[in-house]
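Some notes on the structure that comes next.
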Amino acid sequence: MSALTTEALDQLFIEARTHNGFAPEAIPEATLRRLYNLMKWGPTSMNCQPARLVFVTSAEGKEKLAPALSPGNLDKTLLAPATVIIATDTRFYEHLPTMFAAYDARPMFEGNAELATSTALRNGTLQGAYLILAARAIGLDCGPMSGFDAGKLNAAFFPDGRYQANFLCNLGVGDPGKLHPRGPRLSFEEACEIA
C-alpha cells in the first residue's frame, strides 16, 4: 500500500479546520450516501458498528434540533447545510450475528449493560471520527461539537431510548472568513511515550 500524497494529508489533517460558518448550498442526498458508504468501512471492535446517524437538513429538522443546542452553537447549526447527529445504538449487539460471524458474541453484551454501553460509546465515537475524515476526503468541511443538551435531543429525535446522542457535526462548504485562529497542538514529547 502506498502512502497518501502530501496534498491528501493536508486535506484530511494538516490544513483541515473546524468550521463555524458554511456557504448556503445544500448537500445532495447522493453526497450524504457517499459519505456514509465511505465511513462505514472504518474498523470497530467485533465489527459492531453501533453508530446511527441522523442527517438534519430540513427547516423542520433544524427547528426540532434548536431547543437542544447551547447558545454558542445555535446560529451556526441552524445555518449549516447539514447537521449530523452521531448517536449510538444501545442494542447494537442485535446485529452481531450478521456483522460478526466468528462466534456468537451477542450474549456477552446482551447480559452486560455496562460492557454494551462502553463498547457502543467507544466504537460509535470512532465511527464519528471516520465520518469527519470521510467528509473531508470528499471535499466537505466539518464543525464537530458537543455543546447540546443530550436529554432534550434524545427526547426529540430518539424518544424510544434505543439510540443515544453522542455528538453533533455540521457539514458543508466552509466559510474561511468565519474561522477562529487555529489552536496549538501538543508536541510528541508532551503527548506520547514509547514503552
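Order determines the names: the first chain of the C-alpha cells is A, the second B, and so forth; residues in each chain are numbered 1 upward, and ligands are numbered 1 upward as they are shown.
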Select from range 83-102 of chain A every residue with an atom at most 7 Å from any atom of range 26-49 of chain A, then for each give the shortest pair of atoms and their distance in Å to one decimal, using only C-alpha atoms, rows by chain and rising number, as JSON lines.
```
{"residue": "A:Phe92", "atom": "CA", "partner": "A:Cys48", "partner_atom": "CA", "distance": 6.6}
{"residue": "A:Tyr93", "atom": "CA", "partner": "A:Cys48", "partner_atom": "CA", "distance": 6.8}
{"residue": "A:Leu96", "atom": "CA", "partner": "A:Cys48", "partner_atom": "CA", "distance": 6.3}
{"residue": "A:Met99", "atom": "CA", "partner": "A:Asn47", "partner_atom": "CA", "distance": 6.0}
{"residue": "A:Phe100", "atom": "CA", "partner": "A:Met46", "partner_atom": "CA", "distance": 5.9}
```
Using the selection just defined, write its residues with N, CA, C and O atoms as a CSV table (one decimal), in the first residue's frame.
```
chain,number,residue,atom,x,y,z
A,92,PHE,N,-26.9,-2.4,19.8
A,92,PHE,CA,-26.1,-2.7,18.5
A,92,PHE,C,-25.8,-4.2,18.4
A,92,PHE,O,-25.7,-4.8,17.3
A,93,TYR,N,-25.8,-4.9,19.6
A,93,TYR,CA,-25.4,-6.3,19.6
A,93,TYR,C,-26.4,-7.2,18.9
A,93,TYR,O,-26.1,-8.4,18.5
A,96,LEU,N,-25.0,-8.3,15.7
A,96,LEU,CA,-23.7,-9.1,15.7
A,96,LEU,C,-23.8,-10.4,15.0
A,96,LEU,O,-22.8,-10.8,14.3
A,99,MET,N,-23.1,-9.3,11.5
A,99,MET,CA,-21.9,-8.4,11.3
A,99,MET,C,-20.6,-9.1,11.8
A,99,MET,O,-19.5,-8.8,11.3
A,100,PHE,N,-20.7,-10.0,12.7
A,100,PHE,CA,-19.6,-10.7,13.3
A,100,PHE,C,-19.8,-12.2,13.4
A,100,PHE,O,-20.4,-12.7,14.3
```
Find the residues near Ala82 in chain A: any atom within 8 Å, counting only C-alpha atoms, skip ones fewer than 6 places away on the same chain, and give them as a tab-separated table (two decimals) with C-alpha atoms, in the first residue's frame.
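Result file follows (around.tsv):
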```tsv
chain	number	residue	atom	x	y	z
A	26	ALA	CA	-27.47	22.28	0.17
A	27	ILE	CA	-25.71	18.93	0.31
A	55	PHE	CA	-28.69	14.00	8.80
A	56	VAL	CA	-30.68	17.07	9.80
A	57	THR	CA	-31.09	19.14	6.63
A	170	ASN	CA	-22.14	20.48	10.98
A	171	LEU	CA	-21.30	19.80	7.33
A	172	GLY	CA	-20.96	21.94	4.23
```
Gap from CA of Cys142 in chain A to CA of Lys62 in chain A - Å, one decimal: 17.0 Å
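Pairwise distance (CA of Thr98 in chain A, CA of Ala129 in chain A) equals 23.9 Å.
The space separating CA of Phe188 in chain A from CA of Arg122 in chain A comes to 23.8 Å.
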Taking only residues of range 128-182 of chain A that have an atom at most 7 Å from an atom of range 5-22 of chain A, what is each one's shortest atom pair and its distance in Å to one decimal, using only C-alpha atoms, in chain and number order, as CSV?
```
residue,atom,partner,partner_atom,distance
A:Leu133,CA,A:Leu12,CA,6.1
A:Arg136,CA,A:Leu12,CA,5.7
A:Ala137,CA,A:Leu12,CA,6.3
A:Asp141,CA,A:His19,CA,6.7
A:Cys142,CA,A:His19,CA,5.8
A:Gly143,CA,A:His19,CA,4.8
A:Pro144,CA,A:Thr18,CA,6.9
A:Gly172,CA,A:Phe22,CA,5.8
A:Val173,CA,A:Phe22,CA,5.3
A:Gly174,CA,A:Phe22,CA,4.3
A:Asp175,CA,A:Phe22,CA,4.8
A:Lys178,CA,A:Gly21,CA,5.6
A:Leu179,CA,A:His19,CA,6.0
```
Produce a file of the selected residues containing N, CA and C atoms, as a compact mmCIF listing (two decimals), in the first residue's frame.
```txt
# COMPACT_ATOMS: atom_id res chain seq x y z
N LEU A 133 -13.39 12.31 8.77
CA LEU A 133 -12.34 12.09 7.76
C LEU A 133 -12.94 11.80 6.39
N ARG A 136 -14.17 15.11 4.92
CA ARG A 136 -13.05 15.90 4.41
C ARG A 136 -12.50 15.29 3.11
N ALA A 137 -12.48 13.97 3.03
CA ALA A 137 -11.95 13.30 1.84
C ALA A 137 -12.77 13.58 0.61
N ASP A 141 -16.47 20.33 4.53
CA ASP A 141 -15.86 20.81 5.76
C ASP A 141 -16.75 20.42 6.93
N CYS A 142 -16.15 20.37 8.11
CA CYS A 142 -16.85 19.86 9.29
C CYS A 142 -16.76 20.84 10.45
N GLY A 143 -17.78 20.81 11.27
CA GLY A 143 -17.80 21.56 12.52
C GLY A 143 -18.32 20.67 13.63
N PRO A 144 -17.50 19.73 14.14
CA PRO A 144 -17.96 18.85 15.21
C PRO A 144 -18.14 19.63 16.51
N GLY A 172 -20.71 21.06 5.37
CA GLY A 172 -20.96 21.94 4.23
C GLY A 172 -19.64 22.40 3.64
N VAL A 173 -19.72 23.45 2.83
CA VAL A 173 -18.53 24.10 2.30
C VAL A 173 -18.21 25.25 3.24
N GLY A 174 -17.10 25.13 3.95
CA GLY A 174 -16.78 26.09 5.00
C GLY A 174 -16.50 27.49 4.47
N ASP A 175 -16.86 28.47 5.30
CA ASP A 175 -16.58 29.88 5.03
C ASP A 175 -15.29 30.24 5.77
N LYS A 178 -15.04 32.86 8.61
CA LYS A 178 -15.62 32.63 9.94
C LYS A 178 -14.80 31.68 10.80
N LEU A 179 -13.58 31.41 10.35
CA LEU A 179 -12.69 30.55 11.13
C LEU A 179 -12.09 31.32 12.30
```
Near Glu94 in chain A, within 10 Å and counting only C-alpha atoms, which residues show up once chain neighbours fewer than 4 positions away are dropped, as a ChimeraX atom specification? /A:48,89-90,98-99,105-107,109-110
Using only N, CA and C atoms, please write the residues we just selected to a file, as a CSV table (one decimal), in the first residue's frame.
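After the write, selection_9.csv holds the following:
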```csv
chain,number,residue,atom,x,y,z
A,48,CYS,N,-18.8,-4.2,15.3
A,48,CYS,CA,-20.1,-3.9,16.0
A,48,CYS,C,-20.9,-2.8,15.4
A,89,ASP,N,-26.4,3.1,19.1
A,89,ASP,CA,-27.5,2.1,19.3
A,89,ASP,C,-27.2,1.3,20.5
A,90,THR,N,-28.0,1.4,21.5
A,90,THR,CA,-27.8,0.7,22.8
A,90,THR,C,-27.9,-0.8,22.6
A,98,THR,N,-25.0,-11.2,12.3
A,98,THR,CA,-24.8,-10.9,10.9
A,98,THR,C,-23.4,-10.2,10.7
A,99,MET,N,-23.1,-9.3,11.5
A,99,MET,CA,-21.9,-8.4,11.3
A,99,MET,C,-20.6,-9.1,11.8
A,105,ALA,N,-21.3,-13.5,19.6
A,105,ALA,CA,-20.9,-12.6,20.6
A,105,ALA,C,-22.1,-11.8,21.3
A,106,ARG,N,-23.2,-12.0,20.7
A,106,ARG,CA,-24.4,-11.3,21.2
A,106,ARG,C,-24.6,-11.5,22.7
A,107,PRO,N,-24.6,-12.7,23.3
A,107,PRO,CA,-24.9,-12.9,24.7
A,107,PRO,C,-23.9,-12.1,25.6
A,109,PHE,N,-22.8,-9.1,25.4
A,109,PHE,CA,-23.3,-7.8,25.5
A,109,PHE,C,-24.8,-7.7,26.0
A,110,GLU,N,-25.6,-8.6,25.6
A,110,GLU,CA,-27.0,-8.7,25.9
A,110,GLU,C,-27.2,-8.8,27.4
```
